[in-house]
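Structure file target.cif; described as mmCIF, C-alpha atoms.
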```
data_entry
#
loop_
_atom_site.label_atom_id
_atom_site.label_comp_id
_atom_site.auth_asym_id
_atom_site.auth_seq_id
_atom_site.Cartn_x
_atom_site.Cartn_y
_atom_site.Cartn_z
CA MET A 1394 196.75 148.87 150.56
CA ARG A 1395 196.11 146.22 147.92
CA ASP A 1396 199.05 144.04 146.95
CA TRP A 1397 198.55 143.90 143.18
CA SER A 1398 201.33 141.38 142.66
CA ARG A 1399 199.24 138.79 144.52
CA THR A 1400 196.03 139.40 142.56
CA LEU A 1401 197.30 139.46 138.97
CA PHE A 1402 197.06 136.33 136.82
CA HIS A 1403 200.02 134.73 135.07
CA ALA A 1404 199.53 135.39 131.35
CA SER A 1405 199.30 132.57 128.82
CA PHE A 1406 197.64 131.49 125.57
CA ARG A 1407 196.83 127.86 124.80
CA GLY A 1408 198.80 127.05 127.94
CA VAL A 1409 201.97 128.78 126.64
CA PRO A 1410 203.10 131.32 129.29
CA PHE A 1411 204.50 134.79 128.61
CA TRP A 1412 205.09 138.06 130.42
CA VAL A 1413 203.01 141.16 129.71
CA GLU A 1414 204.37 144.65 129.41
CA VAL A 1415 201.16 146.31 128.13
CA ASP A 1416 197.69 144.99 127.35
CA GLU A 1417 194.88 147.05 125.84
CA GLU A 1418 191.18 146.30 125.36
CA ARG A 1419 189.00 147.87 122.66
CA GLY A 1420 185.22 147.62 122.33
CA GLY A 1421 182.09 149.72 122.09
CA ARG A 1422 178.89 149.77 120.06
CA ARG A 1423 178.38 149.44 116.31
CA ILE A 1424 176.48 152.63 115.50
CA VAL A 1425 175.35 153.54 111.98
CA THR A 1426 174.26 157.17 111.61
CA HIS A 1427 171.51 157.77 109.06
CA GLU A 1428 171.01 161.34 107.83
CA PHE A 1429 167.85 162.21 105.91
CA PRO A 1430 166.99 165.07 103.53
CA MET A 1431 165.15 167.97 105.18
CA ARG A 1432 165.55 166.52 108.66
CA ASP A 1433 167.78 168.19 111.23
CA GLU A 1434 168.15 165.22 113.53
CA PRO A 1435 169.94 162.04 112.41
CA PHE A 1436 168.85 158.53 113.37
CA HIS A 1437 171.48 156.40 115.07
CA GLU A 1438 170.98 152.70 114.42
CA ASP A 1439 172.51 150.47 117.07
CA LEU A 1440 173.68 147.25 115.42
CA GLY A 1441 174.95 145.72 118.64
CA GLU A 1442 178.19 145.46 120.56
CA LYS A 1443 181.53 145.51 118.79
CA ALA A 1444 183.80 142.51 119.09
CA ALA A 1445 186.15 142.81 122.06
CA ILE A 1446 189.76 143.23 120.86
CA PHE A 1447 192.78 142.71 123.09
CA SER A 1448 196.19 144.03 122.04
CA VAL A 1449 199.07 142.67 124.09
CA THR A 1450 202.73 143.62 124.21
CA ALA A 1451 204.29 140.41 125.51
CA TYR A 1452 207.84 139.19 126.01
CA LEU A 1453 209.84 136.11 126.88
CA ALA A 1454 213.07 136.50 128.81
CA SER A 1455 215.17 133.49 129.79
CA ASP A 1456 217.93 131.22 128.58
CA ALA A 1457 215.23 129.24 126.74
CA ALA A 1458 213.59 132.31 125.21
CA ASP A 1459 214.07 130.95 121.68
CA ALA A 1460 212.17 127.74 122.45
CA GLU A 1461 209.48 129.63 124.38
CA ALA A 1462 209.10 132.05 121.48
CA ALA A 1463 208.65 129.18 119.03
CA ALA A 1464 205.94 127.69 121.27
CA LEU A 1465 204.09 131.01 121.51
CA ALA A 1466 204.30 131.52 117.74
CA SER A 1467 202.92 128.03 117.17
CA ALA A 1468 200.03 128.70 119.59
CA SER A 1469 199.26 131.98 117.84
CA ARG A 1470 199.07 130.29 114.42
CA ALA A 1471 196.80 127.45 115.55
CA ARG A 1472 193.23 127.28 114.30
CA GLY A 1473 190.21 127.99 116.50
CA PRO A 1474 189.61 129.63 119.86
CA ALA A 1475 191.53 128.87 123.04
CA VAL A 1476 191.94 130.11 126.60
CA LEU A 1477 193.74 133.44 126.89
CA VAL A 1478 194.82 134.56 130.36
CA LEU A 1479 195.68 138.23 130.90
CA PRO A 1480 196.92 139.69 134.20
CA MET A 1481 193.77 141.65 135.08
CA HIS A 1482 191.13 139.88 132.98
CA GLY A 1483 191.93 136.36 133.98
CA PRO A 1484 190.92 133.49 131.68
CA LEU A 1485 188.69 134.15 128.65
CA THR A 1486 188.12 132.46 125.30
CA ALA A 1487 189.70 134.22 122.34
CA ARG A 1488 191.32 133.78 118.95
CA CYS A 1489 194.70 135.17 117.95
CA VAL A 1490 194.20 137.19 114.75
CA ASP A 1491 197.67 138.69 114.39
CA PHE A 1492 201.13 138.49 115.96
CA ARG A 1493 204.46 140.21 115.36
CA ARG A 1494 207.76 139.02 116.84
CA SER A 1495 210.68 141.33 117.60
CA ARG A 1496 214.24 140.50 118.74
CA GLU A 1497 216.98 143.03 119.38
CA ARG A 1498 220.62 142.23 118.74
CA ASP A 1499 221.89 143.63 122.04
CA ARG A 1500 219.23 141.95 124.19
CA ALA A 1501 220.03 138.28 123.91
CA GLY A 1502 217.53 136.02 125.59
CA TYR A 1503 214.74 138.59 125.18
CA VAL A 1504 211.99 138.16 122.54
CA ALA A 1505 209.05 140.58 122.30
CA TYR A 1506 205.63 139.98 120.73
CA GLU A 1507 202.76 142.20 119.64
CA LEU A 1508 199.65 140.02 119.86
CA ASP A 1509 196.07 140.83 118.80
CA PHE A 1510 193.19 138.74 120.08
CA VAL A 1511 189.44 138.85 119.46
CA ARG A 1512 187.12 137.50 122.09
CA GLU A 1513 185.15 134.45 121.00
CA GLY A 1514 181.47 135.00 120.24
CA ALA A 1515 178.71 132.68 119.08
CA THR A 1516 179.52 129.01 118.59
CA VAL A 1517 178.12 129.18 115.05
CA ALA A 1518 178.79 131.80 112.42
CA ILE A 1519 175.15 132.83 112.16
CA ALA A 1520 171.85 131.42 113.34
CA SER A 1521 169.23 130.07 110.96
CA VAL A 1522 166.29 132.19 109.84
CA ALA A 1523 163.86 129.72 111.45
CA PHE A 1524 165.65 129.95 114.79
CA LEU A 1525 165.73 133.76 114.73
CA ALA A 1526 162.06 133.90 113.70
CA GLN A 1527 161.18 131.76 116.73
CA GLN A 1528 163.15 134.16 118.91
CA VAL A 1529 161.02 137.00 117.54
CA PHE A 1530 157.83 135.15 118.50
CA ASN A 1531 159.26 134.43 121.95
CA ALA A 1532 160.04 138.11 122.46
CA VAL A 1533 156.53 139.14 121.43
CA ASP A 1534 155.09 136.51 123.79
CA ALA A 1535 157.21 137.96 126.59
CA LEU A 1536 155.86 141.45 125.90
CA ALA A 1537 152.31 140.08 125.80
CA GLY A 1538 152.91 138.49 129.19
CA ILE A 1539 153.69 141.78 130.95
CA ILE A 1540 151.55 144.25 129.01
CA GLY A 1541 148.46 143.65 131.18
CA GLY A 1542 150.24 144.14 134.48
CA ALA A 1543 151.94 147.33 133.28
CA TYR A 1544 148.63 148.71 132.01
CA ALA A 1545 146.86 147.99 135.30
CA GLU A 1546 149.67 149.61 137.29
CA LEU A 1547 149.92 152.74 135.14
CA THR A 1548 146.20 153.40 134.62
CA ASP A 1549 145.13 155.91 137.28
CA VAL A 1550 141.41 155.55 138.08
CA ARG A 1551 141.22 154.73 141.79
CA ARG A 1552 139.67 157.59 143.76
CA ARG A 1553 139.72 159.78 140.67
CA PRO A 1554 136.92 161.94 139.22
CA ASP A 1555 134.40 160.41 136.83
CA TYR A 1556 136.00 162.08 133.82
CA ALA A 1557 139.37 160.44 134.58
CA VAL A 1558 137.72 157.02 134.67
CA ALA A 1559 135.75 157.88 131.53
CA ALA A 1560 139.01 158.82 129.80
CA ALA A 1561 140.35 155.31 130.40
CA VAL A 1562 137.13 153.69 129.22
CA ASP A 1563 136.93 155.90 126.12
CA ALA A 1564 140.57 155.17 125.28
CA ALA A 1565 139.96 151.41 125.48
CA GLN A 1566 136.88 151.72 123.27
CA ASP A 1567 138.83 153.90 120.82
CA ALA A 1568 141.51 151.20 120.64
CA ALA A 1569 138.80 148.65 119.85
CA ALA A 1570 137.42 150.95 117.15
CA THR A 1571 140.89 151.39 115.64
CA LEU A 1572 141.35 147.64 115.40
CA GLU A 1573 137.90 147.35 113.84
CA VAL A 1574 139.03 149.75 111.10
CA VAL A 1575 141.95 147.42 110.37
CA ARG A 1576 139.63 144.42 110.29
CA THR A 1577 137.13 146.00 107.89
CA SER A 1578 139.52 147.87 105.62
CA GLN A 1579 142.20 145.23 105.11
CA PRO A 1580 142.13 141.80 103.37
CA VAL A 1581 141.92 139.81 106.61
CA ASP A 1582 141.35 136.07 106.31
CA PRO A 1583 137.55 135.52 106.75
CA GLU A 1584 137.90 133.07 109.61
CA VAL A 1585 140.30 135.35 111.47
CA SER A 1586 138.08 138.34 110.75
CA ALA A 1587 135.04 136.64 112.25
CA GLY A 1588 136.86 135.87 115.49
CA ALA A 1589 138.34 139.36 115.66
CA ARG A 1590 134.93 140.94 115.11
CA ASP A 1591 133.51 139.21 118.18
CA ALA A 1592 136.59 139.99 120.29
CA ILE A 1593 136.53 143.68 119.31
CA ALA A 1594 132.81 143.98 120.04
CA ALA A 1595 133.26 142.31 123.44
CA LEU A 1596 136.12 144.63 124.37
CA HIS A 1597 134.11 147.70 123.39
CA ASP A 1598 131.03 146.61 125.31
CA GLU A 1599 132.80 145.33 128.41
CA ALA A 1600 135.32 148.17 128.84
CA PRO A 1601 133.13 150.09 131.37
CA ALA A 1602 132.94 146.97 133.56
CA LEU A 1603 136.68 146.31 133.28
CA ILE A 1604 137.72 149.85 134.27
CA ILE A 1605 136.09 151.06 137.48
CA ARG A 1606 137.09 153.45 140.22
CA ALA A 1607 136.88 150.92 143.06
CA ALA A 1608 138.93 148.11 141.54
CA GLY A 1609 141.08 149.96 139.01
CA ALA A 1610 141.76 148.90 135.43
CA ALA A 1611 141.79 145.17 134.70
CA PRO A 1612 144.93 143.82 132.99
CA GLU A 1613 142.55 142.02 130.64
CA VAL A 1614 141.95 145.28 128.72
CA ALA A 1615 145.53 145.52 127.49
CA GLU A 1616 145.82 141.77 127.01
CA ARG A 1617 142.77 141.77 124.74
CA ILE A 1618 144.08 144.69 122.68
CA PHE A 1619 147.39 142.91 122.25
CA ALA A 1620 145.82 139.58 121.31
CA ILE A 1621 143.40 141.11 118.78
CA ALA A 1622 146.20 143.02 117.04
CA ARG A 1623 148.37 139.89 116.79
CA ASN A 1624 145.47 137.83 115.42
CA LEU A 1625 144.66 140.44 112.80
CA GLY A 1626 148.32 140.54 111.80
CA ASP A 1627 148.37 136.77 111.40
CA GLY A 1628 145.30 136.95 109.19
CA LEU A 1629 146.77 139.53 106.82
CA PRO A 1630 149.37 139.18 104.06
CA ALA A 1631 152.71 140.24 105.53
CA ASP A 1632 153.11 143.49 103.58
CA ALA A 1633 149.49 144.48 104.21
CA ALA A 1634 149.91 143.85 107.95
CA VAL A 1635 153.03 146.02 108.11
CA GLY A 1636 151.30 148.84 106.23
CA ALA A 1637 148.08 148.73 108.26
CA PHE A 1638 149.74 148.67 111.66
CA ARG A 1639 152.33 151.25 110.63
CA GLU A 1640 149.46 153.73 110.36
CA ILE A 1641 148.41 152.99 113.93
CA VAL A 1642 151.94 153.50 115.24
CA ALA A 1643 152.18 156.81 113.35
CA ILE A 1644 149.20 158.30 115.23
CA ARG A 1645 150.47 160.72 117.85
CA PRO A 1646 147.45 162.32 119.57
CA PHE A 1647 147.69 165.89 120.84
CA VAL A 1648 147.93 166.11 124.62
CA GLU A 1649 146.52 169.20 126.31
CA PRO A 1650 148.39 170.55 129.35
CA ALA A 1651 146.87 169.26 132.60
CA ARG A 1652 145.96 171.75 135.31
CA THR A 1653 144.60 169.50 138.07
CA ASP A 1654 145.33 166.05 139.44
CA GLY A 1655 142.17 164.75 137.81
CA GLU A 1656 143.20 166.10 134.40
CA ARG A 1657 146.65 164.60 134.82
CA ALA A 1658 145.08 161.23 135.63
CA ALA A 1659 142.81 161.46 132.58
CA ALA A 1660 145.80 162.32 130.36
CA GLN A 1661 147.79 159.43 131.83
CA ASN A 1662 144.93 157.02 131.19
CA ARG A 1663 144.67 158.05 127.55
CA SER A 1664 148.45 157.91 127.21
CA ILE A 1665 148.96 154.41 128.59
CA THR A 1666 146.12 152.97 126.51
CA GLY A 1667 147.59 154.60 123.40
CA LEU A 1668 150.98 153.13 124.26
CA VAL A 1669 149.45 149.66 124.66
CA LEU A 1670 147.75 149.96 121.26
CA ARG A 1671 150.93 151.12 119.53
CA LEU A 1672 153.01 148.37 121.15
CA ALA A 1673 150.40 145.85 120.01
CA ALA A 1674 150.62 147.27 116.49
CA LEU A 1675 154.42 147.08 116.61
CA ALA A 1676 154.23 143.47 117.79
CA ALA A 1677 151.97 142.66 114.82
CA MET A 1678 154.43 144.41 112.49
CA VAL A 1679 157.36 142.51 113.96
CA GLU A 1680 155.63 139.15 113.59
CA ALA A 1681 154.58 140.01 110.03
CA THR A 1682 158.23 140.73 109.27
CA THR A 1683 159.02 137.05 109.78
CA ARG A 1684 156.82 136.32 106.74
CA ARG A 1685 157.94 139.13 104.44
CA GLN A 1686 159.71 138.48 101.16
CA PHE A 1687 162.00 141.35 100.19
CA ASP A 1688 162.89 142.24 96.62
CA GLY A 1689 166.42 143.20 97.59
CA ARG A 1690 168.75 144.18 100.40
CA ARG A 1691 167.76 147.82 100.16
CA ASP A 1692 164.13 147.03 101.05
CA ALA A 1693 165.17 144.78 103.94
CA ILE A 1694 167.59 147.40 105.29
CA THR A 1695 164.83 150.00 105.11
CA ALA A 1696 162.44 147.69 106.99
CA ARG A 1697 165.07 147.04 109.66
CA GLY A 1698 165.74 150.72 110.19
CA GLU A 1699 162.02 151.54 110.27
CA LEU A 1700 161.20 148.96 112.93
CA ALA A 1701 164.13 149.99 115.11
CA GLU A 1702 163.22 153.67 114.82
CA LEU A 1703 159.51 153.14 115.55
CA ILE A 1704 160.20 151.05 118.64
CA ALA A 1705 162.86 153.48 119.84
CA ARG A 1706 160.36 156.33 119.50
CA GLU A 1707 157.96 154.54 121.83
CA GLN A 1708 160.76 153.78 124.26
CA ALA A 1709 161.63 157.46 124.46
CA GLY A 1710 158.43 158.00 126.45
CA MET A 1711 158.97 155.07 128.80
CA THR A 1712 160.62 156.94 131.65
CA GLY A 1713 160.51 155.88 135.27
CA ALA A 1714 160.61 152.59 137.12
CA ALA A 1715 156.97 151.79 136.30
CA TYR A 1716 157.89 151.50 132.61
CA ALA A 1717 161.05 149.44 133.14
CA ALA A 1718 159.52 146.07 132.28
CA LEU A 1719 157.84 147.44 129.15
CA TYR A 1720 161.07 149.09 128.07
CA LEU A 1721 163.15 145.94 128.48
CA ALA A 1722 160.58 143.73 126.75
CA SER A 1723 160.24 146.13 123.81
CA GLU A 1724 164.03 146.39 123.61
CA ASP A 1725 164.29 142.61 123.37
CA MET A 1726 161.57 142.52 120.70
CA SER A 1727 163.42 145.17 118.70
CA GLY A 1728 166.73 143.34 119.03
CA ARG A 1729 165.26 140.02 117.92
CA ALA A 1730 163.60 141.63 114.90
CA VAL A 1731 166.86 143.36 113.94
CA ASP A 1732 168.74 140.05 114.28
CA LEU A 1733 166.26 138.32 111.99
CA LEU A 1734 166.33 141.06 109.36
CA SER A 1735 170.13 141.22 109.48
CA ARG A 1736 170.23 137.47 108.83
CA GLN A 1737 167.80 137.84 105.92
CA ILE A 1738 169.85 140.73 104.51
CA ALA A 1739 172.92 138.50 104.51
CA ASP A 1740 171.05 135.94 102.39
CA ILE A 1741 169.50 138.34 99.88
CA ALA A 1742 171.35 138.76 96.61
CA PRO A 1743 172.56 142.35 96.03
CA ILE A 1744 170.90 144.58 93.46
CA VAL A 1745 173.15 145.48 90.53
CA THR A 1746 172.74 148.02 87.76
CA VAL A 1747 172.88 146.64 84.21
CA THR A 1748 173.79 148.89 81.28
CA VAL A 1749 173.27 147.76 77.66
CA PRO A 1750 173.72 149.62 74.35
CA ARG A 1751 170.08 149.35 73.24
CA ALA A 1752 166.59 148.29 74.34
CA LEU A 1753 166.17 144.51 74.36
CA PRO A 1754 163.42 142.10 75.53
CA SER A 1755 163.27 141.03 79.17
CA LEU A 1756 163.51 137.38 78.07
CA TRP A 1757 166.89 138.06 76.47
CA HIS A 1758 168.20 139.70 79.64
CA ALA A 1759 166.83 136.94 81.88
CA TRP A 1760 168.61 134.30 79.83
CA ARG A 1761 171.83 136.29 79.61
CA LEU A 1762 171.93 137.19 83.31
CA TYR A 1763 170.54 134.04 84.93
CA GLY A 1764 170.20 131.40 82.25
CA ASP A 1765 166.52 131.28 83.24
CA PRO A 1766 163.84 132.96 81.07
CA ASN A 1767 161.30 132.53 83.89
CA ARG A 1768 162.98 135.44 85.71
CA ALA A 1769 161.97 137.90 82.97
CA ASP A 1770 158.83 138.86 84.92
CA ASP A 1771 160.95 139.87 87.90
CA LEU A 1772 163.00 142.24 85.72
CA VAL A 1773 159.83 143.80 84.34
CA ARG A 1774 158.25 144.24 87.76
CA ARG A 1775 161.39 145.51 89.45
CA ASN A 1776 161.93 148.22 86.84
CA ARG A 1777 158.24 149.03 86.22
CA VAL A 1778 158.66 148.44 82.49
CA VAL A 1779 155.65 149.31 80.29
CA HIS A 1780 156.29 146.54 77.76
CA PRO A 1781 158.56 143.51 78.38
CA SER A 1782 159.90 143.64 74.81
CA PHE A 1783 161.61 146.96 75.49
CA MET A 1784 163.70 146.97 78.61
CA PRO A 1785 165.52 150.27 79.22
CA GLU A 1786 169.21 150.60 78.45
CA ARG A 1787 169.92 150.92 82.17
CA PHE A 1788 167.99 148.86 84.72
CA GLU A 1789 168.23 147.06 88.04
CA ALA A 1790 168.55 143.31 88.54
CA LEU A 1791 169.29 140.91 91.36
CA GLY A 1792 172.87 139.72 91.44
CA ASN A 1793 173.52 135.99 91.21
#
```

If you convert what's in this file into structure tokens, what do you get?
Amino acid sequence: MRDWSRTLFHASFRGVPFWVEVDEERGGRRIVTHEFPMRDEPFHEDLGEKAAIFSVTAYLASDAADAEAAALASASRARGPAVLVLPMHGPLTARCVDFRRSRERDRAGYVAYELDFVREGATVAIASVAFLAQQVFNAVDALAGIIGGAYAELTDVRRRPDYAVAAAVDAAQDAAATLEVVRTSQPVDPEVSAGARDAIAALHDEAPALIIRAAGAAPEVAERIFAIARNLGDGLPADAAVGAFREIVAIRPFVEPARTDGERAAAQNRSITGLVLRLAALAAMVEATTRRQFDGRRDAITARGELAELIAREQAGMTGAAYAALYLASEDMSGRAVDLLSRQIADIAPIVTVTVPRALPSLWHAWRLYGDPNRADDLVRRNRVVHPSFMPERFEALGN
């Protein structure tokens, strides 16, 4: 039987020892539940792990309990993190956020404490936007690095009927055609458009040679789809890129029930190619998000929730060990995008509602609110005012 007395640590904080009667740990996930009109199922947005909280009932019992208590109180008041040692946790870095001392008249030499600690987190309060944007690009690069291998592993064409192989080829050519629609229907930079045109044509023409029964599906198919989508996203204005690729992600093709192994292989081949295309579209959306300028926190919060929900919807179909790498990479991409948007939300001024007794010009409001008449156009645009000389009596404006 284990001798617990030999395995427990001696408790202390900032080197000041104490005895522990009870210690509790609290944690979990920060979940925000969004409920929408006319929808039966809510969306649970995971904002990350909660801070770890430790609540300790401690005591000092000796002839020098008064001096020991003063030392512990001083350690608890001190600024910054320090080493906290708890009997079962051992040493960890934490901050004391609250303490309460208790002494009973009939228990001389005994001083009790209620101590609350929070485990130390990042070494800086919040990362810069530029740093978080780079983390987004790194996550997308990581997904791009594994997408080809996952596609080759999951595409089922070896020793399959011709129609199963044709399903994979057709799906790759359909993906190329979908990207061509984005290229021709959106305001893509001309130089980017020219390069994408050639890449899309090459993918369409070479798909039959890249997907064959004897050798299987080449990883290059998925890698090309991913690269073309990212290039098109880079060549589009940020909001246009998000809108264009959102339409691709929204496409959910109908899947007929498979009756034979060949039909199941054909359905799998169409499914994995569709997943690759949607992940490529999501990657383009995520990268475009690094360039977006939001009018207010509400728009940025909506964008954050939308990206998280769209990626989570794709992850719901990634079941089984074969999808593990794709799932983890897409999870990292989602987390990095949420981190970036959360940082941007913290920087965006809140939207306030202004109420005035009568209609006045936007220039008057801009000067009164900001001391800057150049911001009159923003008030007009934000509130969709017909004429800038007659702002409504109730309107929205960015807070200072």

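For the set A:Val1476, A:Ala1466, A:Ala1622, A:Ala1660, the residue with the smallest atom-to-atom gap to Ala1676 (chain A) is A:Ala1622, counting all atoms listed in the file.
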
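Look at Gln1579 (chain A): the protein and nucleic acid residues within 8 Å of it, using all atoms listed in the file and passing over chain neighbours fewer than 5 places away, are Leu1629, Ala1633 and Ala1637 of chain A.
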
Please evaluate the PyMOL selection byres ((chain A and resi 1442-1444) around 10) against the displayed coordinates and give the resulting residues as a compact mmCIF listing (two decimals) with C-alpha atoms, in the frame of the given file.
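The new file expr_13.txt reads:
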```txt
# COMPACT_ATOMS: atom_id res chain seq x y z
CA ARG A 1419 189.00 147.87 122.66
CA GLY A 1420 185.22 147.62 122.33
CA GLY A 1421 182.09 149.72 122.09
CA ARG A 1422 178.89 149.77 120.06
CA ARG A 1423 178.38 149.44 116.31
CA ILE A 1424 176.48 152.63 115.50
CA ASP A 1439 172.51 150.47 117.07
CA LEU A 1440 173.68 147.25 115.42
CA GLY A 1441 174.95 145.72 118.64
CA ALA A 1445 186.15 142.81 122.06
CA ILE A 1446 189.76 143.23 120.86
CA PHE A 1447 192.78 142.71 123.09
CA VAL A 1511 189.44 138.85 119.46
CA ARG A 1512 187.12 137.50 122.09
CA GLU A 1513 185.15 134.45 121.00
CA GLY A 1514 181.47 135.00 120.24
```

Given the PyMOL selection byres ((chain A and resi 1545) around 6), the residues it picks as a list of chain:residue names | A:Gly1542, A:Ala1543, A:Tyr1544, A:Glu1546, A:Leu1547, A:Thr1548, A:Ala1610, A:Ala1611, A:Pro1612

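In this structure, CA of Ala1460 (chain A) sits 23.4 Å away from CA of Ala1487 (chain A).
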
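Nearest residue to Ala1561 (chain A) among A:Gln1686, A:Asn1767, A:Asn1662, A:Asn1776 is A:Asn1662, counting all atoms listed in the file.
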
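At a cut-off of 8 Å from (166.7, 135.7, 116.8), the residue set is Ala1520, Val1522, Phe1524, Leu1525, Ala1526, Gln1527, Gln1528, Val1529, Gly1728, Arg1729, Ala1730, Asp1732 and Leu1733 of chain A (counting only C-alpha atoms).
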
Taking the file as shown, find all residues satisfying the PyMOL selection byres ((chain A and resi 1463) around 12) and write them as a count of residues only.
-> 21

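Nearest residue to Ile1540 (chain A) among A:Gln1661, A:Thr1746, A:Thr1666, A:Thr1695 is A:Thr1666, counting all atoms listed in the file.
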
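Each of A:Arg1706, A:Arg1761, A:Arg1777, A:Arg1606 was compared to Val1749 (chain A) using all atoms listed in the file, and A:Arg1761 turns out to be the nearest.
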